[in-house]
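What follows is one structure encoded as structure tokens, with my remarks underneath.
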Amino acid sequence: MRNHGAIHGILAEFHSPDEVVEAAKKVHEAGYTKVDAYSPYPIEELIEALDLHKSHLPKIVLIGGILGFLGGWALEYWAAVIEYPMNIGGRPLFSWPAFIVPAYETTILCAAFGAVFGMLALNGLPQPYHPVFNVPGFALASRDRFFICIESRDPKFDREAIRKFFGTIGAHVVSEVEH
Amino acid sequence: MASQLPGTHQAEADRLIAPGHDLGTITDRISEIVLQRQTPRGWWIGFAIGFCVFQLLLVAMGYLLFVGIGVWGPNVPIGWGFDIINFVWWIGIGHAGTLISAILLLLRQEWRTSINRFAEAMTLFAVSCAAFYPIFHTGRPWLAIYWLLPYPNTMGLWPNFRSPLIWDVFAVTTYATVSALFWFVGLIPDLATLRDRAKSKPWKIVYGILAMGWRGSAKHWHNYETAYLLLAALATPLVVSVHTVVSFDFATGIVPGWHATIFPPYFVAGAIYAGFAMVLTLAIPLRKFYKLEDFITLKHLENMAKVMLATGLIVGYGYMMEAFFAWYSGVEYETYMMKNRMFGPYWWAYWLLILCNVVAPNLLWVKNLRTSVPFLFGISFVVSIGMWLERYVIIVTSLHRDFLPSSWGMYQGTIFDWAAFVGTLGLFVTLLFLFVRFLPAISIAEMRTLHVKEEERK
């Protein structure tokens with residue numbers, strides 16, 4: 001593993017979505033695994049080209065929803081039957097049809113928490129510092145430019161080889177990402 | 001179609017983004033509204049008006065806390081007045097935001113893209129305005145929390161989960177929270193855009209903190225897209241449930257005029273109807289003053305008018321069924337309720353309501369009116385007034401004459417009722433002005449996606 005630790009990786013800039021998708025496919029074919037791509041809007045083909053794993057988010061949301069439902073239901077049962085039983089119009093203490101609505105809402109609430117906080121956690125956000133922002137042109141990744149970064153922790157990482165490789169797949173600018 | 005429009009005009013009317021834009025210009029055009037150093041004078045004037053009117057709310061609420069709930073009009077037999085009318089009105093308005101951002105996303109209605117951000121903001125602000133009424137109707141809100149929210153308190157008391165009012169607390173707080181989350185998640189990539197484009201250091205830091213280190217990586221987008229879709233899927237049943245639960249506040253009661261099974265669907269339709277009217281009220285000046293006609297095109301306005309027409313017809317059907325069932329039930333009290341609504345002391349409110357909500361929206365069948373911006377702006381106000389009257393009619397006319405003639409009464413809002421209502425309008429305007437100044441009113445990231453799709457289609 002040559003040059004490991006000296007830099008974060010090598011960043012290549014592309015000017016159109018088609019270019020970056022083509023390039024990402026070639027990077028993937030060349031066998032690089034620690035790769036990330038940056039784009040100003042989500043590009044499905046790019047996600048496919050990098051062969052990212054299926055997102056774990058749906059599972060987190062499902063768990064959130066189930067916990068929300070059980071939690072809401074348990075709260076209602078505990079409050080209405082155990083802790084503070086109240087005779088209201090002779091209805092049974094466990095008058096479950098009336099408990100559906102709050103439990104329905106807590107289900108949605110906790111599932112939504114799962115979606116938002118799960119997404120942030122899986123993306124490692126909030127992240128106060130990331131080396132890729134050290135490249136001056138990278139600010140355009142949130143405007144109209146596209147980037148591919150091969151990171152130095154990739155087993156096949158080799159500065160010169162990657163620089164040349166990016167040149168052959170149509171990168172407009174290739175820069176090293178300082179730590 | 002025997003449309004009178006020439007061919008080129010027609011094609012242009014179908015576009016969701018005006019020609020001649022690319023990813024860069026879309027980004028620049030929307031973000032410059034926020035990043036420009038000079039605040040336009042028109043903004044200051046609008047903000048100042050909103051902020052002054054907002055003071056009315058503070059005065060009205062301050063006086064209420066000082067003197068007591070008696071400064072408002074409600075009294076036996078009309079225990080619910082402006083507070084609940086305005087609460088339902090504001091909550092209803094909020095519905096369009098979630099409908100546009102969640103349901104239209106799942107239905108792949110691409111025209112939602114340029115209006116969803118400020119419609120969501122509108123939802124949040126409308127829900128904030130709505131919250132004032134039930135909270136202050138408790139009189140001493142700090143003493144009311146224990147019977148509204150479940151928390152261990154020193155009295156050992158717990159809320160009654162069999163009460164529709166508690167369902168309402170759960171529905172509305174969940175709605176407010178999920179709407180805020182949905183809005184914020186949508187904002188994250190745009191906050192990153194603002195961070196990268198802000199010229200001054202302090203704003204870079206502010207937007208940087210809010211963007212939380214978003215860098216638009218494929219891995220980010222991968223999870224982000226999943227989260228956004230799932231949130232939309234969760235918000236869809238939520239938005240339908242909220243006004244359903246609000247309608248339960250009435251429908252589970254036995255008062256004639258409230259006790260109707262048609263309430264949930266007809267409340268939801270009414271909410272969407274009112275919400276789209278408010279989106280039009282806001283979108284038309286926004287696109288004019290910030291010159292966003294390229295992004296909020298005539299097609300958007302026309303589509304919103306069509307949604308208004310459809311939901312307006314459902315609401316009209318609701319009124320018709322209310323009258324039909326009052327007659328068909330054969331119940332003396334139900335029949336009297338309907339007669340009293342139409343010809344009793346509040347007849348003017350009922351017929352104004354029919355004019356605003358049943359007659360007026362039918363004008364939208366006419367294409368020339370549906371595509372006329374001044375007409376749409378006008379009718380959006382008519383609809384808002386109509387929906388306010390709907391709640392007025394439902395609440396006041398049902399309560400003021402129920403089973404016992406000995407306890408009949410009349411109701412009218414006091415000056416403090418009106419001050420609180422006008423004051424929340426001021427709060428709403430104030431928040432909206434702050435929003436368009438500091439956050440992108442149109443989703444930049446989604447507009448980029450839409451732009452690429454439109455280019456591919458060409």
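Residues in the structure tokens are numbered from 1 in each chain, the chains being A, B, ... in the order shown, and ligands are numbered from 1 in the order shown.
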Quiz item: Any idea what's packed within 12 Å of B:Met410, counting only C-alpha atoms, ignoring anything in its chain fewer than 2 positions away? Could you give it as a PyMOL selection string?
Solution: chain B and resi 73-79+81+344-346+395-402+407-408+412-413
Generate the output file for the selected residues, C-alpha atoms, as a PDB file, in the first residue's frame.
ATOM      1  CA  GLY B  73     -66.483  35.474  22.848  1.00  0.00           C
ATOM      2  CA  PRO B  74     -67.201  31.776  23.534  1.00  0.00           C
ATOM      3  CA  ASN B  75     -69.686  31.155  26.329  1.00  0.00           C
ATOM      4  CA  VAL B  76     -72.467  28.688  27.037  1.00  0.00           C
ATOM      5  CA  PRO B  77     -73.959  27.355  24.794  1.00  0.00           C
ATOM      6  CA  ILE B  78     -71.286  28.257  22.216  1.00  0.00           C
ATOM      7  CA  GLY B  79     -68.216  26.949  24.020  1.00  0.00           C
ATOM      8  CA  GLY B  81     -65.766  29.967  18.784  1.00  0.00           C
ATOM      9  CA  GLY B 344     -81.810  31.133  10.826  1.00  0.00           C
ATOM     10  CA  PRO B 345     -79.952  34.127  12.213  1.00  0.00           C
ATOM     11  CA  TYR B 346     -76.676  33.029  10.596  1.00  0.00           C
ATOM     12  CA  ILE B 395     -69.163  25.398  14.813  1.00  0.00           C
ATOM     13  CA  VAL B 396     -71.401  28.340  15.555  1.00  0.00           C
ATOM     14  CA  THR B 397     -74.683  27.343  13.919  1.00  0.00           C
ATOM     15  CA  SER B 398     -74.513  23.815  15.318  1.00  0.00           C
ATOM     16  CA  LEU B 399     -73.883  24.940  18.882  1.00  0.00           C
ATOM     17  CA  HIS B 400     -76.082  27.986  19.121  1.00  0.00           C
ATOM     18  CA  ARG B 401     -79.355  26.044  18.836  1.00  0.00           C
ATOM     19  CA  ASP B 402     -79.191  22.402  19.862  1.00  0.00           C
ATOM     20  CA  SER B 407     -80.350  27.148  26.256  1.00  0.00           C
ATOM     21  CA  TRP B 408     -80.157  28.711  22.841  1.00  0.00           C
ATOM     22  CA  GLN B 412     -69.968  36.785  17.922  1.00  0.00           C
ATOM     23  CA  GLY B 413     -66.228  37.248  18.129  1.00  0.00           C
TER      24      GLY B 413
END
Quiz item: Tell me, which residues of stretch 117-296 of chain B carry DSSP alpha helix (DSSP H), written as an MDAnalysis selection string?
Solution: chainID B and resid 117:137 141:148 164:197 201:211 218:251 263:289
Quiz item: Using only C-alpha atoms, which residue out of B:Ile254, B:Leu363, B:Val240, B:Met320 lies closest to chain A?
Solution: B:Val240
Quiz item: So, counting only C-alpha atoms, which residue among B:Thr173, B:Asn357, B:Ser217, B:Thr414 is closest to A:Ile148?
Solution: B:Ser217
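Candidate residues A:Gly90, A:Lys26, A:Gly114, A:Pro40 were compared for distance to A:Leu67, and the nearest is A:Gly114, using only C-alpha atoms.
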